[in-house]
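Trainee: Take a look at query.cif, mmCIF, C-alpha atoms:
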```cif
data_run
#
loop_
_atom_site.label_atom_id
_atom_site.label_comp_id
_atom_site.auth_asym_id
_atom_site.auth_seq_id
_atom_site.Cartn_x
_atom_site.Cartn_y
_atom_site.Cartn_z
CA MET A 1 68.90 120.98 111.09
CA PRO A 2 70.96 118.02 109.76
CA VAL A 3 74.29 118.88 108.10
CA GLU A 4 74.83 117.51 104.61
CA VAL A 5 78.11 115.75 103.75
CA ILE A 6 78.64 115.89 100.00
CA MET A 7 80.89 114.17 97.52
CA PRO A 8 83.58 116.79 96.72
CA LYS A 9 84.85 117.58 93.25
CA LEU A 10 88.49 116.47 93.20
CA GLY A 11 89.69 118.37 90.13
CA MET A 12 87.96 119.83 87.09
CA ALA A 13 87.98 116.53 85.18
CA MET A 14 86.25 114.50 87.89
CA LYS A 15 82.94 113.00 86.73
CA GLU A 16 82.29 110.55 89.54
CA GLY A 17 83.48 109.74 93.06
CA THR A 18 83.24 106.41 94.86
CA VAL A 19 82.77 105.72 98.57
CA SER A 20 85.54 103.18 99.14
CA GLN A 21 84.81 102.61 102.83
CA TRP A 22 82.60 103.94 105.59
CA ASN A 23 84.47 104.44 108.89
CA LYS A 24 81.24 105.18 110.77
CA THR A 25 77.84 103.49 110.85
CA GLU A 26 74.36 105.00 111.01
CA GLY A 27 73.59 106.20 114.52
CA GLU A 28 77.26 106.35 115.54
CA ALA A 29 78.46 109.52 117.30
CA VAL A 30 81.12 111.64 115.59
CA LYS A 31 83.05 114.80 116.35
CA LYS A 32 83.96 117.56 113.95
CA GLY A 33 87.08 116.51 112.04
CA ASP A 34 86.60 112.76 112.56
CA PRO A 35 87.25 110.72 109.37
CA ILE A 36 83.86 109.28 108.48
CA ALA A 37 84.54 107.78 105.05
CA SER A 38 87.20 107.14 102.40
CA ILE A 39 86.39 108.29 98.88
CA SER A 40 88.18 107.93 95.56
CA SER A 41 88.05 109.33 92.06
CA GLU A 42 89.98 108.16 89.02
CA LYS A 43 93.37 109.13 90.46
CA ILE A 44 92.90 110.32 94.04
CA GLU A 45 91.88 108.61 97.26
CA MET A 46 91.19 110.67 100.38
CA GLU A 47 89.23 110.75 103.63
CA ILE A 48 86.07 112.79 104.26
CA GLU A 49 85.93 114.44 107.69
CA SER A 50 82.79 115.19 109.68
CA PRO A 51 81.83 118.86 109.28
CA ALA A 52 80.14 118.97 112.72
CA ASP A 53 79.61 117.21 116.04
CA GLY A 54 76.65 114.84 116.22
CA ASN A 55 75.58 111.45 114.95
CA VAL A 56 75.55 109.85 111.52
CA LEU A 57 71.82 110.09 110.87
CA LYS A 58 71.66 108.50 107.44
CA ILE A 59 74.09 107.02 104.91
CA ASN A 60 72.85 107.62 101.36
CA VAL A 61 75.66 106.04 99.32
CA PRO A 62 76.81 102.44 99.97
CA GLU A 63 80.44 101.34 99.73
CA GLY A 64 81.64 100.79 96.18
CA LYS A 65 78.99 103.02 94.59
CA GLY A 66 80.02 105.91 92.35
CA VAL A 67 78.07 109.17 92.39
CA PRO A 68 78.50 112.61 90.74
CA PRO A 69 80.30 115.38 92.66
CA GLY A 70 77.86 117.29 94.84
CA THR A 71 75.81 114.24 95.83
CA VAL A 72 74.85 114.13 99.52
CA ILE A 73 76.49 110.95 100.81
CA CYS A 74 75.31 111.21 104.44
CA TYR A 75 73.80 113.49 107.10
CA ILE A 76 75.24 114.54 110.47
CA GLY A 77 72.95 115.83 113.23
CA ASN A 78 71.25 115.24 116.56
CA PRO A 79 69.82 111.74 117.14
CA ASP A 80 66.22 113.04 117.21
CA GLU A 81 66.48 114.88 113.88
CA GLU A 82 64.91 113.46 110.72
CA VAL A 83 66.26 113.58 107.20
CA ALA A 84 64.72 113.21 103.77
CA ALA A 85 64.45 109.71 102.35
CA THR A 86 66.49 110.60 99.28
CA ALA A 87 69.18 113.10 98.47
CA ALA A 88 70.00 114.63 95.11
CA PRO A 89 73.34 116.18 94.23
CA VAL A 90 73.65 119.78 95.31
CA GLN A 91 75.06 122.69 93.33
CA GLU A 92 78.74 123.14 94.25
CA GLU A 93 79.28 126.36 92.38
CA LYS A 94 77.33 128.76 90.24
CA GLY A 95 76.96 127.61 86.67
CA GLN A 96 77.98 124.03 87.37
CA LYS A 97 76.91 121.77 84.54
CA GLU A 98 74.19 119.14 84.52
CA GLU A 99 76.71 116.39 85.32
CA ILE A 100 76.06 116.75 89.08
CA LYS A 101 72.28 116.58 89.08
CA ALA A 102 70.53 113.49 90.42
CA ALA A 103 71.05 110.49 88.20
CA ARG A 104 67.88 109.41 86.47
CA PRO A 105 67.34 105.75 85.64
CA ALA A 106 68.10 105.02 82.01
CA PRO A 107 65.17 103.81 79.91
CA LEU A 108 65.02 100.07 79.48
CA PRO A 109 66.43 98.94 76.13
CA LYS A 110 64.01 97.65 73.59
CA LYS A 111 64.02 93.91 73.22
CA PRO A 112 65.52 92.99 69.88
CA GLY A 113 63.63 90.78 67.53
CA LYS A 114 64.55 87.12 67.26
CA VAL A 115 67.55 86.59 65.01
CA ARG A 116 67.39 83.65 62.63
CA VAL A 117 70.46 81.44 62.95
CA LYS A 118 71.74 79.72 59.83
CA ILE A 119 72.65 76.14 60.80
CA SER A 120 72.55 72.77 59.09
CA PRO A 121 70.12 70.15 60.48
CA VAL A 122 72.95 67.82 61.52
CA ALA A 123 74.80 70.66 63.26
CA ARG A 124 71.60 71.72 65.08
CA LYS A 125 71.05 68.19 66.46
CA MET A 126 74.68 68.02 67.63
CA ALA A 127 74.42 71.40 69.34
CA GLU A 128 71.16 70.47 71.11
CA ALA A 129 72.65 67.17 72.32
CA ALA A 130 75.65 69.02 73.73
CA GLY A 131 73.51 71.69 75.40
CA ILE A 132 74.97 74.52 73.30
CA LYS A 133 72.79 77.29 71.91
CA PRO A 134 73.29 77.84 68.17
CA GLU A 135 73.34 81.59 68.86
CA ASP A 136 76.58 81.07 70.81
CA ILE A 137 78.38 79.39 67.90
CA LYS A 138 80.26 81.33 65.24
CA GLY A 139 79.53 79.94 61.81
CA THR A 140 82.27 79.58 59.21
CA GLY A 141 80.12 78.27 56.37
CA PRO A 142 78.74 80.31 53.45
CA GLY A 143 76.90 83.38 54.71
CA GLY A 144 77.88 82.59 58.30
CA ARG A 145 76.10 79.21 58.27
CA ILE A 146 77.00 76.96 61.23
CA THR A 147 78.50 73.69 60.09
CA LYS A 148 79.13 70.33 61.78
CA GLU A 149 82.78 71.28 62.24
CA ASP A 150 81.79 74.55 63.97
CA VAL A 151 79.71 72.62 66.51
CA GLU A 152 82.53 70.12 67.09
CA GLN A 153 84.87 73.03 67.79
CA ALA A 154 82.36 74.57 70.21
CA ILE A 155 81.99 71.24 72.04
CA ALA A 156 85.78 70.92 72.34
CA SER A 157 86.05 74.48 73.68
CA LYS A 158 83.31 73.77 76.23
CA LYS A 159 85.14 70.66 77.48
CA GLU A 160 88.42 72.58 77.77
CA SER A 161 86.67 75.36 79.70
CA ARG A 162 85.24 72.83 82.16
CA LYS A 163 88.68 71.27 82.55
CA GLN A 164 90.24 74.64 83.36
CA ASP A 165 87.46 75.44 85.84
CA SER A 166 88.12 72.18 87.67
CA LEU A 167 91.81 73.08 88.04
CA ILE A 168 91.14 76.35 89.86
CA GLN A 169 88.63 75.08 92.40
CA ALA A 170 89.45 76.15 95.95
CA PRO A 171 90.82 73.48 98.35
CA ALA A 172 88.21 71.66 100.43
CA GLY A 173 87.23 73.61 103.52
CA LYS A 174 88.65 76.90 102.26
CA GLU A 175 86.91 79.72 100.45
CA PRO A 176 88.74 82.15 98.15
CA LYS A 177 88.69 85.83 99.02
CA HIS A 178 86.56 87.97 96.71
CA THR A 179 87.50 91.65 96.56
CA PRO A 180 85.29 93.94 94.42
CA VAL A 181 87.37 96.05 92.06
CA SER A 182 86.51 99.70 92.65
CA GLY A 183 88.01 103.15 93.01
CA MET A 184 91.62 103.62 91.95
CA ARG A 185 92.20 99.88 91.38
CA LYS A 186 89.26 99.74 88.95
CA VAL A 187 90.52 102.76 87.00
CA ILE A 188 94.05 101.32 86.76
CA ALA A 189 92.70 97.95 85.60
CA GLU A 190 90.51 99.55 82.93
CA ARG A 191 93.22 101.93 81.67
CA MET A 192 95.95 99.26 81.48
CA HIS A 193 93.66 96.78 79.73
CA ALA A 194 92.52 99.47 77.29
CA SER A 195 96.15 100.48 76.72
CA LEU A 196 97.16 96.95 75.67
CA GLN A 197 94.10 96.59 73.45
CA SER A 198 94.41 99.94 71.70
CA ALA A 199 98.15 100.27 71.00
CA ALA A 200 100.78 98.21 69.16
CA GLN A 201 103.19 98.02 72.08
CA LEU A 202 106.76 96.81 71.78
CA THR A 203 109.53 96.90 74.41
CA ILE A 204 113.26 97.18 73.74
CA THR A 205 116.00 97.10 76.38
CA MET A 206 119.47 98.48 76.89
CA LYS A 207 121.98 99.00 79.72
CA ALA A 208 123.71 102.28 80.51
CA ASP A 209 127.06 102.53 82.32
CA VAL A 210 126.34 105.01 85.13
CA THR A 211 129.69 104.73 86.93
CA GLU A 212 130.64 108.34 86.10
CA LEU A 213 127.11 109.51 86.85
CA LEU A 214 127.21 108.08 90.37
CA ALA A 215 130.66 109.62 90.91
CA LEU A 216 129.39 113.03 89.75
CA LYS A 217 126.33 112.73 91.99
CA THR A 218 128.62 112.13 95.00
CA GLN A 219 130.99 114.92 93.96
CA VAL A 220 128.29 117.63 93.79
CA LYS A 221 126.25 116.41 96.77
CA GLU A 222 127.71 118.84 99.32
CA THR A 223 127.56 121.84 96.97
CA ILE A 224 123.94 121.14 95.97
CA THR A 225 122.92 120.74 99.60
CA LYS A 226 124.54 124.01 100.70
CA ARG A 227 123.48 126.14 97.75
CA TYR A 228 120.01 124.79 96.99
CA ASP A 229 119.06 122.95 100.20
CA SER A 230 118.32 119.91 98.08
CA LYS A 231 119.94 116.79 96.69
CA LEU A 232 120.07 115.07 93.34
CA THR A 233 118.92 111.47 92.92
CA ILE A 234 119.59 109.12 90.05
CA THR A 235 115.90 109.54 89.09
CA ASP A 236 116.51 113.26 88.59
CA PHE A 237 119.39 112.55 86.20
CA ILE A 238 117.34 109.93 84.32
CA ALA A 239 114.48 112.42 83.97
CA ARG A 240 116.86 115.04 82.63
CA ALA A 241 118.39 112.55 80.18
CA ALA A 242 114.92 111.56 78.93
CA ILE A 243 113.92 115.19 78.43
CA LEU A 244 117.06 115.96 76.41
CA ALA A 245 116.54 112.80 74.35
CA LEU A 246 112.93 113.81 73.65
CA GLU A 247 114.17 117.16 72.34
CA ASN A 248 116.48 115.27 69.97
CA HIS A 249 113.77 112.74 69.01
CA PRO A 250 110.43 114.63 69.07
CA GLU A 251 108.58 111.71 67.45
CA MET A 252 108.75 109.96 70.84
CA ASN A 253 106.94 112.92 72.42
CA SER A 254 103.79 112.01 70.53
CA ALA A 255 100.42 110.30 70.78
CA PHE A 256 98.23 108.28 68.42
CA MET A 257 94.70 109.72 68.44
CA ASP A 258 91.86 109.38 65.92
CA ASN A 259 94.13 107.75 63.36
CA THR A 260 96.48 110.74 63.62
CA ILE A 261 99.97 111.10 65.09
CA VAL A 262 100.02 114.16 67.35
CA THR A 263 103.51 115.46 68.17
CA TYR A 264 103.62 117.85 71.12
CA PRO A 265 105.76 121.02 71.10
CA GLU A 266 106.22 120.94 74.91
CA ILE A 267 107.44 118.08 77.09
CA HIS A 268 105.19 117.26 80.04
CA LEU A 269 106.97 114.50 81.93
CA GLY A 270 105.00 111.94 83.93
CA ILE A 271 106.67 110.26 86.92
CA ALA A 272 104.86 107.01 87.80
CA THR A 273 104.56 106.91 91.59
CA ALA A 274 103.46 103.97 93.74
CA VAL A 275 100.92 104.83 96.44
CA GLU A 276 99.26 102.64 99.05
CA LYS A 277 96.36 101.54 96.85
CA GLY A 278 97.74 101.82 93.35
CA LEU A 279 99.81 103.87 90.95
CA ILE A 280 99.43 107.52 89.95
CA VAL A 281 101.42 109.74 87.61
CA PRO A 282 102.31 113.28 88.75
CA VAL A 283 103.13 115.50 85.78
CA ILE A 284 106.07 117.92 85.49
CA ARG A 285 104.74 120.47 83.02
CA ASN A 286 107.11 122.11 80.51
CA ALA A 287 109.90 119.95 81.86
CA ASP A 288 112.11 120.94 78.93
CA SER A 289 112.27 124.53 80.26
CA LYS A 290 113.54 123.55 83.73
CA SER A 291 117.09 123.25 85.02
CA LEU A 292 118.26 120.01 86.61
CA ILE A 293 117.87 121.52 90.10
CA ASP A 294 114.35 122.87 89.43
CA LEU A 295 113.38 119.55 87.87
CA ALA A 296 114.66 117.63 90.91
CA LYS A 297 112.78 119.89 93.35
CA GLU A 298 109.48 119.58 91.48
CA ILE A 299 109.78 115.81 91.18
CA LYS A 300 110.29 115.51 94.95
CA GLU A 301 107.44 117.90 95.78
CA LYS A 302 104.89 116.29 93.49
CA THR A 303 105.72 112.67 94.27
CA ALA A 304 105.57 113.47 98.01
CA ALA A 305 102.19 115.16 97.56
CA ALA A 306 100.98 112.17 95.53
CA ARG A 307 101.96 109.69 98.24
CA SER A 308 100.22 111.75 100.90
CA GLY A 309 97.06 112.06 98.79
CA LYS A 310 97.37 115.85 98.54
CA LEU A 311 98.22 116.20 94.85
CA PRO A 312 95.32 117.78 92.89
CA ALA A 313 93.84 115.66 90.11
CA ASP A 314 94.75 118.34 87.55
CA GLU A 315 98.44 117.73 88.34
CA MET A 316 98.09 114.10 87.21
CA GLN A 317 96.85 114.74 83.68
CA GLY A 318 98.35 115.78 80.37
CA SER A 319 101.73 114.02 80.39
CA THR A 320 103.36 113.42 77.00
CA PHE A 321 105.98 110.87 78.11
CA THR A 322 106.31 108.82 81.30
CA ILE A 323 109.10 107.32 83.40
CA SER A 324 108.42 104.30 85.61
CA SER A 325 111.01 102.84 87.99
CA LEU A 326 111.11 99.48 89.76
CA GLY A 327 114.74 99.80 90.78
CA ALA A 328 113.84 100.15 94.46
CA SER A 329 112.22 96.70 94.25
CA GLY A 330 115.36 95.10 92.82
CA VAL A 331 113.87 94.61 89.34
CA GLU A 332 116.18 94.82 86.33
CA PHE A 333 114.31 94.74 83.02
CA PHE A 334 110.51 94.82 82.76
CA THR A 335 107.76 95.68 80.29
CA PRO A 336 106.08 98.96 81.27
CA ILE A 337 102.62 99.54 79.79
CA LEU A 338 101.98 102.75 77.88
CA ASN A 339 100.14 105.53 79.68
CA PRO A 340 97.47 106.29 77.01
CA PRO A 341 97.60 108.04 74.66
CA GLU A 342 101.38 108.51 74.95
CA ALA A 343 103.72 106.87 72.44
CA GLY A 344 106.46 106.00 74.91
CA ILE A 345 107.27 105.06 78.50
CA LEU A 346 110.74 104.46 79.95
CA GLY A 347 111.17 101.71 82.52
CA VAL A 348 114.13 101.98 84.91
CA GLY A 349 115.64 99.02 86.78
CA VAL A 350 118.10 98.62 89.64
CA VAL A 351 121.74 99.68 89.31
CA SER A 352 124.09 96.70 89.71
CA ASP A 353 127.87 96.27 89.67
CA GLU A 354 129.19 94.17 86.80
CA ALA A 355 132.55 93.08 85.44
CA VAL A 356 132.95 94.81 82.08
CA PHE A 357 135.70 94.76 79.48
CA ILE A 358 137.22 98.23 79.02
CA GLY A 359 139.61 97.63 76.17
CA ASP A 360 141.57 94.54 77.21
CA LYS A 361 141.01 95.06 80.92
CA ILE A 362 138.12 93.99 83.13
CA GLU A 363 136.73 96.70 85.37
CA LYS A 364 133.96 96.93 87.92
CA ARG A 365 131.25 99.17 86.48
CA SER A 366 127.78 100.28 87.61
CA ARG A 367 125.12 99.44 85.03
CA LEU A 368 121.54 100.65 84.79
CA PRO A 369 118.86 98.59 82.93
CA LEU A 370 116.51 100.60 80.71
CA SER A 371 113.27 99.29 79.17
CA LEU A 372 111.51 101.40 76.55
CA THR A 373 107.95 100.53 75.54
CA PHE A 374 106.74 102.41 72.46
CA ASP A 375 103.70 102.50 70.20
CA HIS A 376 104.68 100.87 66.92
CA ARG A 377 101.88 102.77 65.18
CA VAL A 378 103.73 106.03 65.87
CA LEU A 379 107.31 105.01 65.20
CA ASP A 380 109.36 101.97 64.24
CA GLY A 381 112.08 100.07 66.05
CA ALA A 382 115.04 101.99 64.59
CA PRO A 383 113.98 105.50 65.73
CA ALA A 384 112.87 104.08 69.10
CA ALA A 385 116.29 102.48 69.52
CA ALA A 386 117.94 105.77 68.54
CA PHE A 387 115.98 107.54 71.29
CA LEU A 388 117.01 104.96 73.88
CA GLN A 389 120.61 105.19 72.70
CA THR A 390 120.51 108.96 73.23
CA VAL A 391 119.20 108.48 76.79
CA LYS A 392 122.05 106.04 77.38
CA GLN A 393 124.59 108.50 75.98
CA TYR A 394 123.49 111.31 78.30
CA LEU A 395 123.62 108.99 81.32
CA GLU A 396 127.10 107.80 80.39
CA GLU A 397 128.31 111.38 79.82
CA PRO A 398 126.56 113.10 82.74
CA VAL A 399 128.46 116.39 82.43
CA THR A 400 126.58 117.07 79.17
CA MET A 401 123.35 117.24 81.19
CA LEU A 402 124.76 120.15 83.21
CA LEU A 403 125.72 122.31 80.24
#
```
Output the file's structure in the form of structure tokens.
Mentor:
Amino acid sequence: MPVEVIMPKLGMAMKEGTVSQWNKTEGEAVKKGDPIASISSEKIEMEIESPADGNVLKINVPEGKGVPPGTVICYIGNPDEEVAATAAPVQEEKGQKEEIKAARPAPLPKKPGKVRVKISPVARKMAEAAGIKPEDIKGTGPGGRITKEDVEQAIASKKESRKQDSLIQAPAGKEPKHTPVSGMRKVIAERMHASLQSAAQLTITMKADVTELLALKTQVKETITKRYDSKLTITDFIARAAILALENHPEMNSAFMDNTIVTYPEIHLGIATAVEKGLIVPVIRNADSKSLIDLAKEIKEKTAAARSGKLPADEMQGSTFTISSLGASGVEFFTPILNPPEAGILGVGVVSDEAVFIGDKIEKRSRLPLSLTFDHRVLDGAPAAAFLQTVKQYLEEPVTMLL
């Protein structure tokens, strides 16, 4: 009897999984444990292994198609076995909701009636001569009536569009590469675009002198290694500074939802982590209740699990504030995009040595660029600057983070 390979449920919040790539073709022999396909949900990408020896009898789900958890994506069995022509999602667990049953085609929408367009006779003739449908022109006259000027503007826009199209034509003899946006890349694109459209985002910048911080990090390195079998990174100190600053400025630990500012009592810190095919955000829950050592250990464990694709989807949801670093790439200041619906995200750049006046003397100091993007609907520039100043103060007085 053929063995069903189903789309797994990667976390409680998963509604749909996508087959990113098939590693095997129909009829190809496989052994138990062989990777047969790559699948992805909103925040996780992983490989599906063959549950048995045999051949891939039938592939039900093409690459790039999303299906509910529990859907049979292919069958494994002997070459002479037959499988059903279609496959509906199967029940993964008792009481699972209707979200995993076979998708039914949606009813066709009713055709709307013809809408009468208000347009002057002269404007109509101009639009017809230019090959522009009146329905595609926004009228600025009384009652939305399309005027001669509206048509002239539409004609000018059409010419400009053609001009831009001609500038991006591929060179003769070469074809551009077209890559369908799916899986994690599609989710990131949709979330970042929605973030910019839905929030009043503003970024402010500041530099922190981390000379003493780096000296302290070196000083305690041996003790931390011996006592805790771990080490502290500058990211751990930045995370700790952000947490303490959020306690002092709780308005930054907020979200704008349904025309309401929601301020959270706990701090769930997101650590933006680059993975092979995108960016995910492991969450350190109740970060304000953890010591610097515990915080450092959890950051390392979760970011490592995220990079290996082993972090559960539930561990990448519910953050209230996020830190994103491009220091490893040599970037100084940048504009991080809010992780919706959070009100703030802290961007961290690369530490660089600079000549700085200390009193009347010039000294070599290590400086860290900080970029704070915040939602102007939740708070204004002054309190956002005060938060960033507090982060800076903790980083410049690192001993206060150990007390």
Trainee: Could you jot down the CA of Met184 in chain A to CA of Lys9 in chain A separation for me, Å, one decimal place?
Mentor: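 About the pair CA of Met184 in chain A and CA of Lys9 in chain A: they are 15.6 Å apart.
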Trainee: Identify, on the basis of only C-alpha atoms, every residue whose closest approach to Thr205 in chain A does not exceed 8 Å; exclude the query and any residue fewer than 2 positions from it along the same chain; express the result as a ChimeraX atom specification.
Mentor: /A:203,207,333,369-372
Trainee: Out of A:Phe357, A:Tyr264, A:Tyr228, A:Phe237, which residue has the shortest atom-to-atom distance to Leu295 in chain A when counting all atoms listed in the file?
Mentor: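 That would be A:Phe237, the residue with the smallest distance to Leu295 in chain A.
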Trainee: Considering only C-alpha atoms, state which residue in the set A:Ala242, A:Ala343, A:Ile293, A:Thr211 is at the smallest distance from Asp229 in chain A.
Mentor: A:Ile293
Trainee: Kindly indicate which residue among A:Pro8, A:Pro383, A:Pro341, A:Pro398 lies nearest to Asp258 in chain A, using all atoms listed in the file for the distances.
Mentor: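 Among the listed residues, A:Pro341 lies closest to Asp258 in chain A.
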Trainee: Hey, what's within 10 Å of Ala255 in chain A if we count only C-alpha atoms and toss same-chain stuff fewer than 6 positions away? As a PyMOL selection string, please?
Mentor: chain A and resi 261-264+320-321+340-344+375+377-378
Trainee: Take CA of Glu4 in chain A and CA of Ile59 in chain A and report the distance between them in Å, one decimal.
Mentor: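 Going from CA of Glu4 in chain A over to CA of Ile59 in chain A covers 10.5 Å.
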Trainee: List as number ranges by chain the protein and nucleic acid residues near Val117 in chain A, meaning an atom at most 8 Å away when all atoms listed in the file are counted, but skip any in the same chain fewer than 2 places from it.
Mentor: A: 115, 119, 134-135, 145
Trainee: Can you measure CA of Pro35 in chain A to CA of Val19 in chain A for me? One decimal in Å is fine.
Mentor: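 CA of Val19 in chain A lies at a distance of 12.7 Å from CA of Pro35 in chain A.
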Trainee: Would you translate the PyMOL selection byres ((chain A and resi 64) around 10) into the concrete set of residues it matches in this file, as a ChimeraX atom specification?
Mentor: /A:17-22,39-40,61-63,65-67,180-183
Trainee: Out of A:Ile238, A:Leu279, A:Leu232, A:Ala287, which residue has the shortest atom-to-atom distance to Thr303 in chain A when counting all atoms listed in the file?
Mentor: A:Leu279
Trainee: So which one's closest to Gln317 in chain A, A:Leu269, A:Ala189, A:Ala386, A:Ala355? Using all atoms listed in the file, please.
Mentor: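 Ranking A:Leu269, A:Ala189, A:Ala386, A:Ala355 by distance to Gln317 in chain A, first place goes to A:Leu269.
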Trainee: Nearest to Leu388 in chain A: which of A:Asn286, A:Asn248, A:Ser161, A:Ser291 is it, counting all atoms listed in the file?
Mentor: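 Of all the options, A:Asn248 lies closest to Leu388 in chain A.
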Trainee: Any chance you could work out the residue set of the PyMOL selection byres ((chain A and resi 192) around 12) here, as JSON, numbers by chain?
Mentor: {"A": [185, 186, 187, 188, 189, 190, 191, 193, 194, 195, 196, 197, 198, 199, 201, 279, 336, 337, 338, 339, 340, 341]}
Trainee: As a check of understanding, name the residues that the PyMOL selection byres ((chain A and resi 58) around 8) selects in the supplied structure, as JSON, numbers by chain.
Mentor: {"A": [26, 27, 56, 57, 59, 60, 74, 75, 76, 83]}
Trainee: Tell me which protein, DNA and RNA residues are within 10 Å of Val399 in chain A, counting all atoms listed in the file, leaving out same-chain ones fewer than 4 positions away, and put them as a list in words.
Mentor: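 Within the cut-off, the hits are Glu212, Leu213, Leu216, Tyr394, Leu395 and Leu403 of chain A.
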Trainee: If we count all atoms listed in the file and set the cut-off at 10 Å, which residues sit around Leu246 in chain A, ignoring sequence neighbours fewer than 3 positions away in its own chain? Please answer as JSON, numbers by chain.
Mentor: {"A": [240, 241, 242, 243, 249, 250, 251, 252, 253, 254, 266, 267, 288, 321, 387, 388, 390, 391]}
Trainee: Would you mind exporting range 379-390 of chain A with N, CA and C atoms, as an mmCIF file, in the first residue's frame?
Mentor:
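part_9.cif written:
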```
data_model
loop_
_atom_site.group_PDB
_atom_site.id
_atom_site.type_symbol
_atom_site.label_atom_id
_atom_site.label_comp_id
_atom_site.auth_asym_id
_atom_site.auth_seq_id
_atom_site.Cartn_x
_atom_site.Cartn_y
_atom_site.Cartn_z
ATOM 1 N N LEU A 379 4.638 57.218 19.723
ATOM 2 C CA LEU A 379 5.388 58.196 20.507
ATOM 3 C C LEU A 379 6.090 59.174 19.585
ATOM 4 N N ASP A 380 6.473 60.313 20.144
ATOM 5 C CA ASP A 380 7.103 61.375 19.366
ATOM 6 C C ASP A 380 8.622 61.281 19.429
ATOM 7 N N GLY A 381 9.271 62.220 18.745
ATOM 8 C CA GLY A 381 10.723 62.192 18.640
ATOM 9 C C GLY A 381 11.450 62.353 19.970
ATOM 10 N N ALA A 382 10.940 63.200 20.850
ATOM 11 C CA ALA A 382 11.630 63.456 22.124
ATOM 12 C C ALA A 382 11.691 62.203 23.007
ATOM 13 N N PRO A 383 10.574 61.513 23.272
ATOM 14 C CA PRO A 383 10.666 60.291 24.084
ATOM 15 C C PRO A 383 11.445 59.170 23.386
ATOM 16 N N ALA A 384 11.393 59.124 22.056
ATOM 17 C CA ALA A 384 12.192 58.121 21.336
ATOM 18 C C ALA A 384 13.673 58.412 21.513
ATOM 19 N N ALA A 385 14.039 59.679 21.429
ATOM 20 C CA ALA A 385 15.436 60.080 21.624
ATOM 21 C C ALA A 385 15.887 59.802 23.055
ATOM 22 N N ALA A 386 14.968 59.993 24.009
ATOM 23 C CA ALA A 386 15.309 59.718 25.411
ATOM 24 C C ALA A 386 15.585 58.227 25.610
ATOM 25 N N PHE A 387 14.797 57.382 24.946
ATOM 26 C CA PHE A 387 15.041 55.935 25.017
ATOM 27 C C PHE A 387 16.413 55.597 24.454
ATOM 28 N N LEU A 388 16.727 56.139 23.274
ATOM 29 C CA LEU A 388 18.009 55.840 22.642
ATOM 30 C C LEU A 388 19.166 56.373 23.481
ATOM 31 N N GLN A 389 18.961 57.514 24.112
ATOM 32 C CA GLN A 389 19.984 58.077 24.996
ATOM 33 C C GLN A 389 20.230 57.164 26.201
ATOM 34 N N THR A 390 19.169 56.529 26.699
ATOM 35 C CA THR A 390 19.314 55.614 27.829
ATOM 36 C C THR A 390 20.092 54.364 27.406
#
```
